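Q: Below is one structure. I have some questions about it.
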2 protein chains.
Amino acid sequence: MRVSREVAEENRKKVVSAASHLFREHGYDGIGVANLMKAVGLTHGGFYKQFQDKAALVAEATEAALAENRKKWEDVIAASDDAPGEVIARSYLTPLHIENRSDGCCYAALAAEAPRQGGKVQEAFAEALEASVDLLAGPDGNRNEAMRQLSTMVGALILARAVGSEALAQDLLDAAKQKP
Amino acid sequence: MRVSREVAEENRKKVVSAASHLFREHGYDGIGVANLMKAVGLTHGGFYKQFQDKAALVAEATEAALAENRKKWEDVIAASDDAPGEVIARSYLTPLHIENRSDGCCYAALAAEAPRQGGKVQEAFAEALEASVDLLAGPDGNRNEAMRQLSTMVGALILARAVGSEALAQDLLDAAKQKP
DNA sequence: AAGATTAGATTATGAAAATAATCTTAAGTC
DNA sequence: GACTTAAGATTATTTTCATAATCTAATCTT
């Protein structure tokens with residue numbers, strides 16, 4: 001049945017949000033339109049009223065995930081007086097983040113699949129990355145250093161998730177935390 | 001038709017090798033059994049004579065990719081007198097490697113999907129990672145430092161592939177190359 | 001309030017997926 | 001050389017997927 005314009009818009013946002021989490025957990029290919037819609041309590045029929053096709057949702061959901069990540073970083077940085085790089089490292093390189101793929105870092109979860117997802121997704125990653133680097137560097141920071149730190153954190157998290165062993169994962173996090 | 005034991009074994013190896021490359025390029029979910037077999041000139045019928053199921057091939061192909069990567073590192077290190085960390089960084093952080101997913105680093109291509117692929121795959125990653133760290137550190141190297149360098153390189157390559165822009169990708173590679 | 005519009009549900013459609021069963025033919029074995 | 005076995009081909013079977021067409025009931029518009 002039909003639904004008010006506001007509810008429809010809300011539903012659309014719910015779909016994008018659910019997708020941003022489910023893609024991070026299962027990968028872009030790991031979740032289908034039908035399951036996605038079911039996850040927000042709808043059927044797959046309405047999907048194509050809201051989105052051109054799955055690729056369009058992939059792009060939107062990626063942007064949403066990246067925006068969510070960015071907001072979290074801003075909040076974490078604002079909540080402390082320490083240097084941004086240190087604050088982020090502390091909250092990023094944690095066992096909790098290893099386990100929580102679905103609302104964790106989009107870079108660690110999806111960047112490896114981005115090259116296959118078309119230009120819009122890659123543009124979203126590029127834009128978000130510049131913003132992340134700026135956040136990490138802080139007002140008077142070094143762009144190169146921030147880029148290197150970001151790479152280190154993302155790589156460490158991905159590898160920590162890939163090795164089954166908790167001990168080895170912790171070693172990776174610890175190694176990444178060390179100031180060069 | 002039937003085929004000699006040696007040819008059968010050869011075919012099996014070809015399937016594993018092709019899978020190790022195709023998975024790196026398309027992701028574990030991005031290539032199916034039928035296409036895989038077609039890629040080595042066989043039909044999908046014989047697949048289950050050689051492998052329990054797709055998951056078994058995923059495990060074997062991952063091991064093969066990791067072993068191939070390791071051998072390449074050993075060769076590159078042996079071919080130079082410079083410190084292993086420098087030699088590897090030079091050959092790893094290149095535009096060529098950005099483009100060449102299918103026979104590039106298995107960490108950058110597949111580690112992000114490893115958490116969903118079961119224990120054997122994760123064990124393979126763990127074992128390979130220890131070996132990579134040893135190689136990077138060299139005989140009298142620092143394990144922590146090697147781990148951090150590995151994370152940095154893997155993260156930088158993944159991010160460089162994710163952003164469409166070549167310029168930004170090059171910045172990421174350059175930043176990762178800098179000695180901390 | 002009547003009519004037009006549309007969000008979402010139902011129900012196809014068609015392709016691709018994994019896996020299984022059967023068939024064929026040549027390799028191993030005795 | 002006859003017999004057994006097994007690799008790979010053919011051909012189902014069953015799921016799952018993306019997408020489309022139609023239906024329905026409620027909202028918007030006038």
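Residues are named by chain letter and number: chains run A, B, ... in the order of the structure tokens, numbers start at 1 in each chain, and ligands are numbered from 1 in the order shown.
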Based on only C-alpha atoms (C1' of nucleotides), which of the residues in chain B come within 9 Å of chain D? I want them as JSON, numbers by chain.
A: {"B": [1, 2, 3, 4, 5, 8, 42, 43, 44, 45, 46, 47, 49]}
Q: Quick one: which residues from chain B are at most 6 Å off chain A, using only C-alpha atoms, as number ranges by chain?
A: B: 111-112, 114-115, 122, 125-126, 144, 148, 151-152, 154-156, 158, 162-164, 175-176, 180
Q: Output C-alpha atoms of each residue in that selection to a file, as a compact mmCIF listing (two decimals), in the first residue's frame.
A:
```txt
# COMPACT_ATOMS: atom_id res chain seq x y z
CA ALA B 111 42.24 -9.87 3.24
CA ALA B 112 39.17 -7.68 3.64
CA ALA B 114 38.85 -13.18 4.68
CA PRO B 115 36.75 -12.79 7.85
CA GLN B 122 42.13 -17.05 8.12
CA PHE B 125 46.51 -15.44 6.22
CA ALA B 126 47.93 -15.69 9.72
CA ASN B 144 56.97 -4.43 15.32
CA ARG B 148 53.79 -1.52 10.86
CA SER B 151 50.16 -2.51 7.39
CA THR B 152 51.17 0.78 5.84
CA VAL B 154 48.76 -2.83 2.34
CA GLY B 155 46.59 0.06 3.46
CA ALA B 156 48.16 2.45 1.00
CA ILE B 158 44.07 -0.63 -1.06
CA ALA B 162 39.88 2.69 -4.24
CA VAL B 163 40.24 6.33 -5.21
CA GLY B 164 39.79 6.76 -8.92
CA ALA B 175 53.44 8.98 1.59
CA ALA B 176 53.72 5.29 2.41
CA PRO B 180 58.88 7.44 9.26
```
Q: Skip region 18-24 of chain A itself and residues of its chain fewer than 4 positions away, then list as a count of residues only all residues within 10 Å of it, counting only C-alpha atoms (C1' of nucleotides).
A: 37
Q: List every residue of chain C that has an atom at most 12 Å from any atom of chain B, giving for each one its closest atom pair and the distance in Å to one decimal, counting only C-alpha atoms (C1' of nucleotides), sorted by chain and then by ascending residue number, as JSON lines.
A:
```
{"residue": "C:DA16", "atom": "C1'", "partner": "B:Gly32", "partner_atom": "CA", "distance": 8.8}
{"residue": "C:DA17", "atom": "C1'", "partner": "B:Gly32", "partner_atom": "CA", "distance": 7.0}
{"residue": "C:DA18", "atom": "C1'", "partner": "B:Val33", "partner_atom": "CA", "distance": 7.8}
{"residue": "C:DT19", "atom": "C1'", "partner": "B:Asp53", "partner_atom": "CA", "distance": 8.3}
{"residue": "C:DA20", "atom": "C1'", "partner": "B:Tyr48", "partner_atom": "CA", "distance": 9.2}
{"residue": "C:DA21", "atom": "C1'", "partner": "B:Gly45", "partner_atom": "CA", "distance": 10.5}
{"residue": "C:DT22", "atom": "C1'", "partner": "B:Gly45", "partner_atom": "CA", "distance": 11.0}
{"residue": "C:DC23", "atom": "C1'", "partner": "B:Met1", "partner_atom": "CA", "distance": 10.1}
{"residue": "C:DT24", "atom": "C1'", "partner": "B:Met1", "partner_atom": "CA", "distance": 6.3}
{"residue": "C:DT25", "atom": "C1'", "partner": "B:Met1", "partner_atom": "CA", "distance": 4.9}
{"residue": "C:DA26", "atom": "C1'", "partner": "B:Arg2", "partner_atom": "CA", "distance": 5.1}
{"residue": "C:DA27", "atom": "C1'", "partner": "B:Ser4", "partner_atom": "CA", "distance": 5.8}
{"residue": "C:DG28", "atom": "C1'", "partner": "B:Ser4", "partner_atom": "CA", "distance": 9.0}
```
Q: Selected residues, C-alpha atoms (C1' of nucleotides), written as an mmCIF file, in the first residue's frame, please.
A:
```cif
data_model
loop_
_atom_site.group_PDB
_atom_site.id
_atom_site.type_symbol
_atom_site.label_atom_id
_atom_site.label_comp_id
_atom_site.auth_asym_id
_atom_site.auth_seq_id
_atom_site.Cartn_x
_atom_site.Cartn_y
_atom_site.Cartn_z
ATOM 1 C "C1'" DA C 16 23.510 -16.933 -12.952
ATOM 2 C "C1'" DA C 17 24.745 -19.525 -9.138
ATOM 3 C "C1'" DA C 18 26.092 -24.092 -6.603
ATOM 4 C "C1'" DT C 19 25.650 -28.716 -6.519
ATOM 5 C "C1'" DA C 20 24.286 -33.413 -8.098
ATOM 6 C "C1'" DA C 21 23.374 -37.361 -11.326
ATOM 7 C "C1'" DT C 22 24.428 -39.588 -15.230
ATOM 8 C "C1'" DC C 23 27.094 -40.548 -19.267
ATOM 9 C "C1'" DT C 24 31.300 -41.398 -22.038
ATOM 10 C "C1'" DT C 25 35.601 -42.586 -23.036
ATOM 11 C "C1'" DA C 26 40.136 -43.358 -22.109
ATOM 12 C "C1'" DA C 27 43.586 -44.618 -18.434
ATOM 13 C "C1'" DG C 28 45.026 -48.114 -14.974
#
```
Q: Among region 10-171 of chain A, which residues carry a DSSP assignment of helix (DSSP H, G or I), reported as a ChimeraX atom specification?
A: /A:10-26,33-39,44-50,54-78,84-92,95-99,106-116,119-137,143-162,166-171
Q: Using Å and a single decimal, report how far CA of Ser80 (chain B) sits from CA of Ser132 (chain B).
A: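 We find that CA of Ser132 (chain B) and CA of Ser80 (chain B) lie 17.2 Å from each other.
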Q: One number please: CA of Ala67 (chain A) to CA of Gln52 (chain A), in Å, one decimal.
A: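 Taking CA of Ala67 (chain A) and CA of Gln52 (chain A), their separation equals 21.6 Å.
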